[in-house]
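Structure file protein_17.cif with mmCIF, C-alpha atoms:
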```cif
data_run
#
loop_
_atom_site.label_atom_id
_atom_site.label_comp_id
_atom_site.auth_asym_id
_atom_site.auth_seq_id
_atom_site.Cartn_x
_atom_site.Cartn_y
_atom_site.Cartn_z
CA LYS A 163 108.79 -21.11 -45.29
CA ARG A 164 111.34 -18.66 -43.98
CA SER A 165 109.75 -16.40 -41.33
CA MET A 166 110.56 -12.70 -40.98
CA SER A 167 112.00 -11.34 -37.82
CA LYS A 168 110.03 -8.73 -35.91
CA SER A 169 112.81 -6.20 -36.42
CA THR A 170 112.54 -6.47 -40.25
CA LYS A 171 108.79 -5.91 -40.57
CA PRO A 172 108.70 -2.20 -39.54
CA HIS A 173 111.43 -1.38 -42.10
CA ILE A 174 109.63 -3.12 -44.97
CA TYR A 175 106.40 -1.40 -44.01
CA PHE A 176 108.13 2.02 -44.17
CA VAL A 177 109.56 1.36 -47.66
CA ALA A 178 106.23 0.08 -48.93
CA VAL A 179 104.40 3.17 -47.65
CA THR A 180 107.03 5.41 -49.26
CA LEU A 181 106.60 3.71 -52.63
CA VAL A 182 102.83 3.97 -52.41
CA LEU A 183 103.07 7.65 -51.57
CA LEU A 184 105.44 8.27 -54.46
CA TYR A 185 103.21 6.39 -56.88
CA THR A 186 100.15 8.24 -55.62
CA THR A 187 101.95 11.57 -55.92
CA ASN A 188 103.08 10.69 -59.47
CA ALA A 189 99.45 10.45 -60.51
CA LYS A 190 99.64 14.22 -60.82
CA ARG A 191 102.19 15.05 -63.48
CA PRO A 192 104.95 17.40 -62.26
CA LEU A 193 105.41 20.49 -64.45
CA GLY A 194 107.41 19.61 -67.54
CA TYR A 195 106.84 15.83 -67.29
CA HIS A 196 104.66 13.52 -69.32
CA SER A 197 102.70 11.26 -66.95
CA ALA A 198 103.61 8.21 -69.01
CA SER A 199 107.30 8.85 -68.40
CA LEU A 200 107.12 8.80 -64.60
CA PRO A 201 108.44 5.57 -63.12
CA SER A 202 107.51 4.47 -59.59
CA PRO A 203 109.60 5.03 -57.65
CA MET A 204 111.30 7.86 -59.50
CA THR A 205 115.06 7.66 -59.93
CA CYS A 206 117.71 9.44 -61.94
CA ASP A 207 121.33 9.00 -63.03
CA ASP A 208 120.72 5.34 -63.97
CA GLY A 209 118.95 4.60 -60.68
CA LYS A 210 121.66 5.96 -58.44
CA ILE A 211 119.37 8.58 -56.86
CA LEU A 212 115.89 7.95 -55.51
CA LEU A 213 113.69 11.02 -55.95
CA THR A 214 111.02 12.13 -53.57
CA THR A 215 108.24 14.51 -54.54
CA ASP A 216 109.81 17.45 -52.75
CA MET A 217 112.94 17.04 -54.92
CA ILE A 218 111.01 17.60 -58.15
CA ASN A 219 111.13 21.16 -59.49
CA ASP A 220 112.54 22.54 -56.24
CA ASP A 221 114.97 24.77 -58.18
CA PHE A 222 117.92 22.64 -57.10
CA CYS A 223 119.63 20.26 -59.52
CA ASP A 224 119.88 16.86 -57.75
CA CYS A 225 120.46 14.80 -60.91
CA LEU A 226 123.33 15.05 -63.34
CA ASP A 227 120.94 14.20 -66.18
CA GLY A 228 118.56 17.03 -65.14
CA THR A 229 115.59 14.68 -64.62
CA ASP A 230 114.44 16.31 -61.40
CA GLU A 231 114.15 19.90 -62.73
CA PRO A 232 112.13 19.96 -65.96
CA GLY A 233 110.05 22.89 -64.69
CA THR A 234 112.93 25.14 -63.53
CA ALA A 235 116.21 26.38 -64.96
CA ALA A 236 118.28 24.75 -62.21
CA CYS A 237 119.79 22.01 -64.43
CA PRO A 238 121.68 23.21 -67.53
CA ASN A 239 120.78 20.04 -69.42
CA GLY A 240 117.17 19.76 -68.25
CA ARG A 241 114.31 19.35 -70.75
CA PHE A 242 110.78 20.67 -70.39
CA LEU A 243 107.89 19.01 -72.20
CA CYS A 244 105.29 21.31 -73.75
CA LEU A 245 102.15 19.15 -73.97
CA ASN A 246 100.42 21.66 -76.26
CA GLU A 247 97.13 19.81 -76.12
CA GLY A 248 95.33 19.68 -79.45
CA TYR A 249 98.57 20.34 -81.30
CA LYS A 250 101.94 18.63 -80.94
CA GLU A 251 104.26 18.05 -78.00
CA ILE A 252 107.71 19.63 -78.11
CA PHE A 253 110.69 19.71 -75.77
CA ILE A 254 112.47 22.92 -74.85
CA THR A 255 115.51 23.43 -72.66
CA SER A 256 114.64 24.00 -69.02
CA SER A 257 116.53 27.29 -69.10
CA ARG A 258 113.64 28.72 -71.15
CA VAL A 259 111.11 27.90 -68.41
CA ALA A 260 109.75 30.87 -66.44
CA ASP A 261 111.95 33.32 -68.36
CA GLY A 262 109.07 35.63 -69.24
CA ILE A 263 108.85 34.41 -72.85
CA CYS A 264 106.06 32.13 -74.05
CA ASP A 265 107.86 29.26 -75.77
CA CYS A 266 105.08 26.64 -75.53
CA CYS A 267 101.94 27.46 -77.49
CA ASP A 268 99.90 26.38 -74.43
CA GLY A 269 101.97 28.71 -72.19
CA SER A 270 102.86 25.91 -69.77
CA ASP A 271 106.51 26.99 -69.63
CA GLU A 272 105.43 30.22 -67.90
CA THR A 273 103.04 28.64 -65.39
CA ASN A 274 105.21 29.74 -62.44
CA SER A 275 106.04 33.19 -63.79
CA PRO A 276 104.13 36.49 -63.86
CA THR A 277 103.89 36.26 -67.64
CA ASP A 278 100.38 35.67 -68.89
CA CYS A 279 100.60 33.43 -71.99
CA VAL A 280 97.67 33.02 -74.35
CA ASP A 281 97.04 29.49 -75.65
CA THR A 282 97.82 29.74 -79.37
CA CYS A 283 98.02 26.01 -80.11
CA LYS A 284 94.84 25.89 -82.23
CA GLU A 285 95.94 28.89 -84.30
CA GLU A 286 99.44 27.49 -84.78
CA LYS A 287 97.98 24.14 -85.77
CA ARG A 288 95.71 25.90 -88.27
CA ARG A 289 98.63 27.84 -89.78
CA GLU A 290 100.84 24.75 -89.96
CA SER A 291 98.03 22.70 -91.48
CA HIS A 292 97.41 25.39 -94.08
CA ALA A 293 101.14 25.59 -94.95
CA LEU A 294 101.49 21.80 -94.98
CA PHE A 295 98.52 21.23 -97.25
CA ALA A 296 99.75 24.02 -99.55
CA LYS A 297 103.10 22.24 -99.70
CA ILE A 298 101.35 18.94 -100.45
CA LEU A 299 99.43 20.55 -103.30
CA GLU A 300 102.65 22.09 -104.62
CA HIS A 301 104.39 18.69 -104.51
CA GLU A 302 101.46 17.01 -106.23
CA ALA A 303 101.44 19.64 -109.00
CA GLY A 304 105.23 19.48 -109.28
CA LEU A 305 105.27 15.69 -109.52
CA LYS A 306 102.65 15.79 -112.26
CA ILE A 307 104.78 18.23 -114.28
CA LYS A 308 107.92 16.23 -113.54
CA ASN A 309 106.33 13.03 -114.86
CA GLU A 310 105.25 14.91 -117.99
CA ARG A 311 108.84 16.11 -118.44
CA ILE A 312 110.16 12.57 -118.03
CA GLU A 313 107.78 11.31 -120.71
CA SER A 314 108.66 14.29 -122.89
CA TYR A 315 112.37 13.45 -122.58
CA LYS A 316 111.78 9.80 -123.47
CA LYS A 317 109.89 10.86 -126.58
CA LEU A 318 112.46 13.53 -127.49
CA LYS A 319 115.33 11.10 -126.96
CA GLN A 320 113.71 8.57 -129.28
CA GLU A 321 112.98 11.25 -131.88
CA LYS A 322 116.59 12.41 -131.88
CA THR A 323 117.89 8.84 -132.03
CA ASP A 324 115.63 8.15 -135.02
CA ALA A 325 116.63 11.45 -136.62
CA ILE A 326 120.33 10.56 -136.34
CA LYS A 327 119.67 7.23 -138.03
CA SER A 328 117.67 8.89 -140.81
CA VAL A 329 120.29 11.59 -141.37
CA ASN A 330 123.10 9.03 -141.50
CA GLU A 331 121.19 7.16 -144.21
CA LYS A 332 120.89 10.40 -146.22
CA ILE A 333 124.61 11.07 -145.76
CA GLU A 334 125.48 7.61 -147.08
CA VAL A 335 123.51 8.39 -150.24
CA LEU A 336 124.90 11.91 -150.53
CA LYS A 337 128.63 11.15 -150.21
CA PRO A 338 128.94 9.09 -153.45
CA MET A 339 127.01 11.82 -155.31
CA ILE A 340 129.49 14.42 -154.07
CA GLU A 341 132.46 12.28 -155.16
CA GLU A 342 130.91 11.89 -158.64
CA LEU A 343 130.38 15.65 -158.90
CA LYS A 344 133.97 16.29 -157.80
CA ALA A 345 135.26 13.95 -160.49
CA LYS A 346 132.99 15.55 -163.10
CA LYS A 347 134.14 19.00 -162.04
CA GLN A 348 137.81 18.02 -162.42
CA GLU A 349 137.13 16.48 -165.80
CA LEU A 350 135.27 19.56 -167.05
CA LYS A 351 137.91 21.83 -165.58
CA LYS A 352 140.62 19.93 -167.42
CA ALA A 353 138.63 20.05 -170.66
CA LYS A 354 138.07 23.76 -170.25
CA GLN A 355 141.77 24.38 -169.65
CA THR A 356 142.64 22.37 -172.77
CA LYS A 357 140.21 24.37 -174.88
CA PHE A 358 141.40 27.58 -173.26
CA ASP A 359 145.02 26.72 -174.09
CA GLU A 360 144.08 25.96 -177.69
CA ILE A 361 142.31 29.29 -178.14
CA LYS A 362 145.13 31.14 -176.41
CA ALA A 363 147.74 29.52 -178.67
CA GLU A 364 145.76 30.60 -181.71
CA LEU A 365 145.27 34.17 -180.45
CA GLU A 366 148.93 34.55 -179.49
CA LYS A 367 149.74 34.47 -183.19
CA ASP A 368 148.23 37.93 -183.41
CA PRO A 369 151.07 40.52 -183.26
CA LYS A 370 149.12 42.69 -180.82
CA TYR A 371 149.70 40.07 -178.11
CA LYS A 372 153.46 39.97 -178.65
CA HIS A 373 155.45 40.82 -175.49
CA PRO A 374 157.62 43.92 -175.81
CA THR A 375 161.38 43.81 -175.25
CA ILE A 376 163.31 45.90 -172.80
CA GLU A 377 164.77 47.81 -175.72
CA GLU A 378 161.29 48.70 -176.99
CA ILE A 379 160.30 49.81 -173.52
CA ALA A 380 163.48 51.93 -173.28
CA ALA A 381 162.82 53.56 -176.65
CA ALA A 382 159.22 54.35 -175.71
CA HIS A 383 160.42 55.66 -172.41
CA GLU A 384 162.85 58.07 -174.05
CA GLU A 385 160.14 59.39 -176.32
CA ASN A 386 157.64 59.77 -173.43
CA PRO A 387 157.64 63.25 -171.90
CA GLU A 388 156.52 61.76 -168.60
CA GLN A 389 160.02 60.42 -168.06
CA GLU A 390 160.85 63.71 -166.36
CA GLU A 391 158.43 62.65 -163.61
CA ASP A 392 160.39 59.42 -163.20
CA LYS A 393 163.51 61.42 -162.49
CA LYS A 394 161.78 62.96 -159.49
CA LEU A 395 161.14 59.50 -157.95
CA PRO A 396 163.33 58.78 -154.89
CA LYS A 397 166.21 56.38 -155.17
CA LYS A 398 166.01 53.04 -153.35
CA LYS A 399 168.54 51.51 -151.01
CA TYR A 400 169.54 47.89 -151.20
CA ASN A 401 172.15 45.45 -149.90
CA ARG A 402 174.77 45.20 -152.61
CA LYS A 403 176.13 41.87 -151.36
CA LYS A 404 172.76 40.33 -152.15
CA HIS A 405 173.19 41.68 -155.65
CA GLY A 406 176.69 40.21 -156.18
CA LYS A 407 178.71 43.08 -154.76
CA ASN A 408 181.47 42.52 -152.20
CA THR A 409 180.00 44.60 -149.42
CA ASP A 410 177.32 44.32 -146.71
CA GLU A 411 176.48 48.00 -146.81
CA ASP A 412 173.02 49.25 -147.70
CA THR A 413 173.74 51.90 -150.32
CA GLU A 414 171.58 54.12 -152.50
CA GLU A 415 171.16 53.04 -156.13
CA THR A 416 172.94 54.98 -158.86
CA ASP A 417 171.13 56.96 -161.55
CA GLU A 418 171.74 54.17 -164.04
CA GLU A 419 170.47 51.55 -161.60
CA LYS A 420 167.38 53.62 -160.94
CA LYS A 421 166.73 53.98 -164.68
CA GLN A 422 167.12 50.25 -165.22
CA ARG A 423 164.77 49.47 -162.35
CA ILE A 424 162.08 51.78 -163.73
CA LEU A 425 162.42 50.20 -167.21
CA ASN A 426 162.05 46.71 -165.74
CA GLU A 427 158.97 47.76 -163.80
CA LYS A 428 157.42 49.25 -166.96
CA LEU A 429 158.25 46.11 -168.91
CA GLU A 430 156.49 43.97 -166.27
CA GLU A 431 153.46 46.27 -166.37
CA ALA A 432 153.26 46.12 -170.16
CA ILE A 433 153.51 42.33 -170.25
CA LYS A 434 150.91 41.96 -167.51
CA LYS A 435 148.53 44.26 -169.38
CA ILE A 436 148.94 42.27 -172.61
CA GLU A 437 148.43 38.96 -170.75
CA ASN A 438 145.26 40.26 -169.12
CA GLU A 439 143.92 41.41 -172.46
CA LEU A 440 144.81 38.07 -174.02
CA ASN A 441 143.13 36.09 -171.24
CA ASP A 442 140.01 38.26 -171.49
CA ASP A 443 139.86 37.64 -175.25
CA VAL A 444 140.44 33.89 -174.77
CA GLU A 445 137.64 33.75 -172.18
CA TYR A 446 135.37 35.68 -174.55
CA HIS A 447 136.06 33.38 -177.52
CA HIS A 448 135.74 30.32 -175.26
CA LYS A 449 132.25 31.34 -174.20
CA LEU A 450 131.27 32.01 -177.82
CA ILE A 451 132.03 28.44 -178.86
CA THR A 452 130.60 26.81 -175.68
CA GLU A 453 126.87 26.14 -175.95
CA LYS A 454 126.47 25.38 -172.27
CA GLU A 455 128.80 26.14 -169.39
CA GLU A 456 128.84 22.66 -167.93
CA LEU A 457 131.62 23.43 -165.48
CA GLU A 458 129.66 26.20 -163.75
CA THR A 459 126.64 23.92 -163.52
CA ALA A 460 128.73 21.10 -162.03
CA GLU A 461 130.34 23.50 -159.56
CA GLN A 462 126.94 24.82 -158.49
CA GLN A 463 125.59 21.29 -158.03
CA LEU A 464 128.66 20.30 -156.04
CA THR A 465 128.35 23.37 -153.78
CA GLU A 466 124.70 22.63 -153.13
CA LYS A 467 125.39 18.99 -152.24
CA GLU A 468 128.35 19.92 -150.01
CA ASP A 469 126.19 22.51 -148.22
CA GLU A 470 123.51 19.87 -147.74
CA LEU A 471 126.10 17.45 -146.30
CA THR A 472 127.38 20.12 -143.90
CA MET A 473 123.84 20.86 -142.75
CA LEU A 474 123.14 17.14 -142.16
CA GLU A 475 126.40 16.64 -140.25
CA ASP A 476 125.67 19.71 -138.11
CA SER A 477 122.22 18.35 -137.27
CA ILE A 478 123.81 15.09 -136.07
CA LYS A 479 126.22 17.08 -133.89
CA ASP A 480 123.28 19.00 -132.39
CA HIS A 481 121.32 15.80 -131.70
CA ASN A 482 124.34 14.07 -130.14
CA SER A 483 125.19 17.14 -128.08
CA PHE A 484 121.69 17.05 -126.59
CA LEU A 485 121.73 13.29 -125.97
CA GLU A 486 125.16 13.42 -124.32
CA LYS A 487 124.05 15.96 -121.71
CA ASP A 488 123.17 14.76 -118.21
CA PHE A 489 119.64 16.04 -117.62
CA GLY A 490 119.12 14.02 -114.43
CA ASN A 491 118.59 10.31 -113.85
CA GLU A 492 115.33 10.37 -115.83
CA GLY A 493 116.01 13.35 -118.07
CA GLN A 494 113.58 15.46 -116.02
CA TYR A 495 115.76 18.60 -116.21
CA HIS A 496 115.93 18.73 -120.03
CA THR A 497 113.30 21.51 -120.19
CA LEU A 498 115.70 23.85 -118.37
CA PHE A 499 118.17 23.57 -121.27
CA ASN A 500 117.98 26.66 -123.52
CA ASN A 501 115.37 28.08 -121.14
CA PRO A 502 117.10 30.85 -119.10
CA LEU A 503 115.66 31.81 -115.70
CA SER A 504 116.07 35.35 -114.33
CA MET A 505 115.44 37.24 -111.11
CA ASN A 506 115.86 40.92 -110.25
CA THR A 507 117.20 42.56 -107.11
CA ALA A 508 117.71 46.24 -106.36
CA GLU A 509 121.25 46.06 -107.77
CA TYR A 510 121.42 43.20 -110.24
CA THR A 511 119.63 40.90 -112.65
CA TYR A 512 120.68 37.27 -112.24
CA THR A 513 120.27 34.82 -115.11
CA VAL A 514 120.76 31.06 -115.01
CA GLU A 515 121.35 29.34 -118.33
CA SER A 516 121.06 25.76 -117.12
CA PHE A 517 123.96 23.60 -118.34
CA GLY A 518 125.50 26.82 -119.70
CA LYS A 519 126.38 29.93 -117.68
CA VAL A 520 125.21 31.92 -114.66
CA LYS A 521 125.34 35.69 -115.20
CA GLN A 522 125.06 38.82 -113.07
CA LYS A 523 124.12 42.07 -114.82
CA GLY A 524 124.39 45.49 -113.26
CA THR A 525 126.34 48.38 -114.73
CA SER A 526 128.32 45.60 -116.44
CA THR A 527 127.83 41.87 -116.96
CA ALA A 528 129.86 39.23 -115.11
CA THR A 529 129.86 35.47 -115.61
CA MET A 530 129.34 33.83 -112.23
CA GLY A 531 130.30 30.38 -113.45
CA LYS A 532 130.13 27.87 -116.29
CA TRP A 533 128.41 24.50 -116.02
CA LYS A 534 130.64 21.90 -114.36
CA GLU A 535 128.67 19.08 -112.74
CA TRP A 536 125.89 17.77 -110.54
CA GLN A 537 126.65 17.71 -106.81
CA ASP A 538 125.05 16.39 -103.61
CA ASP A 539 123.58 13.30 -105.31
CA GLY A 540 121.95 15.33 -108.04
CA THR A 541 120.28 17.89 -105.76
CA ALA A 542 122.63 20.77 -106.64
CA MET A 543 124.11 22.24 -109.82
CA PHE A 544 127.67 23.56 -109.76
CA TYR A 545 129.09 26.23 -112.07
CA GLU A 546 132.80 27.14 -111.91
CA ASN A 547 135.52 29.18 -113.64
CA GLY A 548 133.51 32.36 -114.10
CA ASP A 549 135.00 35.83 -114.44
CA LYS A 550 137.84 36.58 -112.05
CA CYS A 551 137.02 38.75 -109.05
CA TRP A 552 139.06 41.83 -108.27
CA GLY A 553 141.72 40.56 -105.87
CA GLY A 554 139.93 37.22 -105.54
CA PRO A 555 139.23 33.87 -107.22
CA ASN A 556 137.24 33.11 -110.34
CA ARG A 557 133.53 33.30 -109.61
CA SER A 558 131.58 30.09 -108.95
CA THR A 559 127.93 29.33 -108.18
CA LYS A 560 126.16 26.43 -106.50
CA ILE A 561 122.41 26.13 -107.11
CA TYR A 562 120.37 24.10 -104.63
CA LEU A 563 117.31 22.44 -106.15
CA GLU A 564 113.99 22.28 -104.32
CA CYS A 565 110.55 21.09 -105.29
CA GLY A 566 108.21 23.70 -106.73
CA SER A 567 105.28 23.90 -109.11
CA GLU A 568 107.23 26.14 -111.52
CA ASP A 569 110.83 26.98 -112.42
CA VAL A 570 112.01 29.94 -110.30
CA ILE A 571 115.40 31.07 -108.93
CA SER A 572 115.74 32.94 -105.63
CA ASP A 573 117.88 33.52 -102.53
CA VAL A 574 121.15 34.65 -104.13
CA LYS A 575 123.87 34.75 -101.47
CA GLU A 576 127.64 35.17 -101.32
CA PRO A 577 128.86 33.14 -98.29
CA ASN A 578 132.48 33.55 -99.41
CA LYS A 579 134.11 36.08 -101.69
CA CYS A 580 132.92 35.44 -105.25
CA GLU A 581 131.41 32.08 -104.24
CA TYR A 582 127.66 32.34 -104.75
CA THR A 583 124.69 30.17 -103.85
CA MET A 584 121.14 30.19 -105.20
CA VAL A 585 117.95 28.21 -104.79
CA MET A 586 116.00 26.95 -107.76
CA HIS A 587 112.46 25.73 -107.21
CA THR A 588 111.48 23.41 -110.03
CA PRO A 589 109.00 20.56 -110.62
CA SER A 590 111.95 18.46 -111.79
CA ALA A 591 113.25 18.30 -108.17
CA CYS A 592 110.00 16.91 -106.70
CA LEU A 593 110.20 13.40 -105.19
CA LYS A 594 107.38 10.95 -104.57
CA GLU A 595 108.83 9.88 -101.21
CA ASN A 596 108.85 13.49 -100.00
CA LEU A 597 105.19 13.86 -100.95
CA GLU A 598 104.35 10.66 -99.08
CA ALA A 599 106.23 11.94 -96.01
CA LEU A 600 104.22 15.19 -96.10
CA GLN A 601 100.96 13.28 -96.46
CA GLU A 602 101.91 11.12 -93.48
CA GLN A 603 102.77 14.25 -91.51
CA ALA A 604 99.36 15.69 -92.35
CA LYS A 605 97.67 12.68 -90.79
CA GLY A 606 99.07 13.65 -87.39
CA LEU A 607 97.50 17.09 -87.48
#
```

Show how you would write the structure in this file as structure tokens.
Amino acid sequence: KRSMSKSTKPHIYFVAVTLVLLYTTNAKRPLGYHSASLPSPMTCDDGKILLTTDMINDDFCDCLDGTDEPGTAACPNGRFLCLNEGYKEIFITSSRVADGICDCCDGSDETNSPTDCVDTCKEEKRRESHALFAKILEHEAGLKIKNERIESYKKLKQEKTDAIKSVNEKIEVLKPMIEELKAKKQELKKAKQTKFDEIKAELEKDPKYKHPTIEEIAAAHEENPEQEEDKKLPKKKYNRKKHGKNTDEDTEETDEEKKQRILNEKLEEAIKKIENELNDDVEYHHKLITEKEELETAEQQLTEKEDELTMLEDSIKDHNSFLEKDFGNEGQYHTLFNNPLSMNTAEYTYTVESFGKVKQKGTSTATMGKWKEWQDDGTAMFYENGDKCWGGPNRSTKIYLECGSEDVISDVKEPNKCEYTMVMHTPSACLKENLEALQEQAKGL
């Protein structure tokens, strides 16, 4: 074996004693340290500096990493450990040590200051436990409601799918019936017109339905004392070129032209009156010889069937519109549809029509956005293209979803001009993994 020289032994003995002293000293935890974190010997800056006990918390920063001054504010990057016995350990920056403010619930950060801190760890633990267990209960209640909503959506989805199938079957039966009624209506209409024409031809033989001539109208006009009133009527202007004259000028009609115009108008009136009387008489005689008005019955039946078809087609559109909407990965948000949520502030009433519009009502009503899309992996709803702001963009709203035992909106903010944010607490946002994390957290209390 290799023997040691006499000159080496005293040096080794000195180092050994130093290490023992350091280890023995480390048995008492320096302020701000956890005893389990103290190495022996103590070093810092990746072992470049060997620390002695008098270098710990001496209000002088020896280490770049701040290891030597957890209990003073000497190192800007130092960290102080609050043991907080009976509660939970936390780290604070060393600059908050001995600053006259009780940051640790056990008051250990103010051990070397005149400040007298009361140990509030038990009370803080009690408050946190109460809040945590309340949150757990809220998550449990929310998850129960969410699962009910998921099952409700599955059932509703199946009902609407079945309804669409049933309605389509009814439509397939109804369409041929409508085509038959249309054909019957046309046939009856044609038959009616034929009969009408026959009656009209017979009635036209009566002299009272004979159309007057312009000469007869002129003669009656001359004999009518009211013709003096016609003379008072204003003359009309017209473009003579359009009437075969070689000029583009708009000129006033002559007396003769005015007289001829009035006669023509009276002739048209007389003929129209006779035709109306004739048609009324034809219709009257037609009804007298028709035992049953089949055409009206066919028209009524056709209208009823067409209305029924429209109603069935509209119901399919409504069902498909619902099924095409994205109510979340499991349909858990479907209960928010057509179920507006409102909240009041001192100035406004805010209303969220999920998958529709967000509105703000004060002295007037403004649309804060229209449904656009899910964002942030389905944890936020985004509404865009609302009413335009004065001197700004169109309003938009982002709604952050959080777990809650009921559907409630809150925390309306405007981080940028006409860009709003809200929070919606809803059972539909509750997650099983979050509940499990809270339950695990509760175990540590």

Discussion item. To one decimal place in Å, what is the distance between atom CA of Ala303 of chain A and atom CA of Cys592 of chain A?
Written reply: 9.3 Å

Worksheet item: Which residues, written as an MDAnalysis selection string, have at least one atom at most 12 Å from Asp538 of chain A, with all atoms listed in the file counted and residues fewer than 2 positions away on the same chain left out?
Response: chainID A and resid 535:536 540:544 560:563

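Within the 12 Å cut-off around Glu313 of chain A, using all atoms listed in the file and omitting residues fewer than 4 positions from it on the same chain, the listed residues are A:Lys306, A:Ile307, A:Lys308, A:Asn309, A:Lys317, A:Leu318, A:Lys319, A:Gln320, A:Glu492, A:Gly493, A:Gln494, A:Tyr495, A:His496, A:Thr497.
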
Selection: 12 Å around Glu439 of chain A, only C-alpha atoms, excl. self and same-chain fewer than 3 positions, as a PDB file with C-alpha atoms, keeping the file's coordinate frame:
```pdb
ATOM      1  CA  LYS A 362     145.130  31.140-176.410  1.00  0.00           C
ATOM      2  CA  LEU A 365     145.270  34.170-180.450  1.00  0.00           C
ATOM      3  CA  GLU A 366     148.930  34.550-179.490  1.00  0.00           C
ATOM      4  CA  LYS A 370     149.120  42.690-180.820  1.00  0.00           C
ATOM      5  CA  TYR A 371     149.700  40.070-178.110  1.00  0.00           C
ATOM      6  CA  LYS A 372     153.460  39.970-178.650  1.00  0.00           C
ATOM      7  CA  HIS A 373     155.450  40.820-175.490  1.00  0.00           C
ATOM      8  CA  ALA A 432     153.260  46.120-170.160  1.00  0.00           C
ATOM      9  CA  ILE A 433     153.510  42.330-170.250  1.00  0.00           C
ATOM     10  CA  LYS A 434     150.910  41.960-167.510  1.00  0.00           C
ATOM     11  CA  LYS A 435     148.530  44.260-169.380  1.00  0.00           C
ATOM     12  CA  ILE A 436     148.940  42.270-172.610  1.00  0.00           C
ATOM     13  CA  ASP A 442     140.010  38.260-171.490  1.00  0.00           C
ATOM     14  CA  ASP A 443     139.860  37.640-175.250  1.00  0.00           C
ATOM     15  CA  VAL A 444     140.440  33.890-174.770  1.00  0.00           C
ATOM     16  CA  GLU A 445     137.640  33.750-172.180  1.00  0.00           C
ATOM     17  CA  TYR A 446     135.370  35.680-174.550  1.00  0.00           C
TER      18      TYR A 446
END
```

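If you look at atom CA of Asp417 of chain A and atom CA of Ala382 of chain A, they are 18.7 Å away from each other.
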
Applied to the shown file, which residues does the PyMOL selection byres ((chain A and resi 498) around 9) return, written as an mmCIF file with C-alpha atoms, in the frame of the given file?
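Saved to expr_7.cif:
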```cif
data_model
loop_
_atom_site.group_PDB
_atom_site.id
_atom_site.type_symbol
_atom_site.label_atom_id
_atom_site.label_comp_id
_atom_site.auth_asym_id
_atom_site.auth_seq_id
_atom_site.Cartn_x
_atom_site.Cartn_y
_atom_site.Cartn_z
ATOM 1 C CA PHE A 489 119.640 16.040 -117.620
ATOM 2 C CA GLN A 494 113.580 15.460 -116.020
ATOM 3 C CA TYR A 495 115.760 18.600 -116.210
ATOM 4 C CA HIS A 496 115.930 18.730 -120.030
ATOM 5 C CA THR A 497 113.300 21.510 -120.190
ATOM 6 C CA PHE A 499 118.170 23.570 -121.270
ATOM 7 C CA ASN A 500 117.980 26.660 -123.520
ATOM 8 C CA ASN A 501 115.370 28.080 -121.140
ATOM 9 C CA PRO A 502 117.100 30.850 -119.100
ATOM 10 C CA LEU A 503 115.660 31.810 -115.700
ATOM 11 C CA GLU A 515 121.350 29.340 -118.330
ATOM 12 C CA SER A 516 121.060 25.760 -117.120
ATOM 13 C CA PHE A 517 123.960 23.600 -118.340
ATOM 14 C CA ASP A 569 110.830 26.980 -112.420
#
```

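Note that atom CA of Gly490 of chain A and atom CA of Thr529 of chain A are 24.0 Å apart.
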
Any chance you could resolve the PyMOL selection byres ((chain A and resi 259) around 9) against this file and give the residues as a PDB file with C-alpha atoms, in the frame of the given file?
```
ATOM      1  CA  PRO A 232     112.130  19.960 -65.960  1.00  0.00           C
ATOM      2  CA  GLY A 233     110.050  22.890 -64.690  1.00  0.00           C
ATOM      3  CA  THR A 234     112.930  25.140 -63.530  1.00  0.00           C
ATOM      4  CA  ALA A 235     116.210  26.380 -64.960  1.00  0.00           C
ATOM      5  CA  PHE A 242     110.780  20.670 -70.390  1.00  0.00           C
ATOM      6  CA  ILE A 254     112.470  22.920 -74.850  1.00  0.00           C
ATOM      7  CA  THR A 255     115.510  23.430 -72.660  1.00  0.00           C
ATOM      8  CA  SER A 256     114.640  24.000 -69.020  1.00  0.00           C
ATOM      9  CA  SER A 257     116.530  27.290 -69.100  1.00  0.00           C
ATOM     10  CA  ARG A 258     113.640  28.720 -71.150  1.00  0.00           C
ATOM     11  CA  ALA A 260     109.750  30.870 -66.440  1.00  0.00           C
ATOM     12  CA  ASP A 261     111.950  33.320 -68.360  1.00  0.00           C
ATOM     13  CA  GLY A 262     109.070  35.630 -69.240  1.00  0.00           C
ATOM     14  CA  ILE A 263     108.850  34.410 -72.850  1.00  0.00           C
ATOM     15  CA  CYS A 264     106.060  32.130 -74.050  1.00  0.00           C
ATOM     16  CA  ASP A 265     107.860  29.260 -75.770  1.00  0.00           C
ATOM     17  CA  SER A 270     102.860  25.910 -69.770  1.00  0.00           C
ATOM     18  CA  ASP A 271     106.510  26.990 -69.630  1.00  0.00           C
ATOM     19  CA  GLU A 272     105.430  30.220 -67.900  1.00  0.00           C
ATOM     20  CA  THR A 273     103.040  28.640 -65.390  1.00  0.00           C
ATOM     21  CA  ASN A 274     105.210  29.740 -62.440  1.00  0.00           C
ATOM     22  CA  SER A 275     106.040  33.190 -63.790  1.00  0.00           C
TER      23      SER A 275
END
```

Item to complete: Give as a list in words the residues that the PyMOL selection byres ((chain A and resi 473-478) around 9) matches when applied to the coordinates above.
Response: Lys322, Ala325, Ile326, Val329, Asn330, Lys332, Ile333, Glu468, Asp469, Glu470, Leu471, Thr472, Lys479, Asp480, His481, Asn482 and Ser483 of chain A
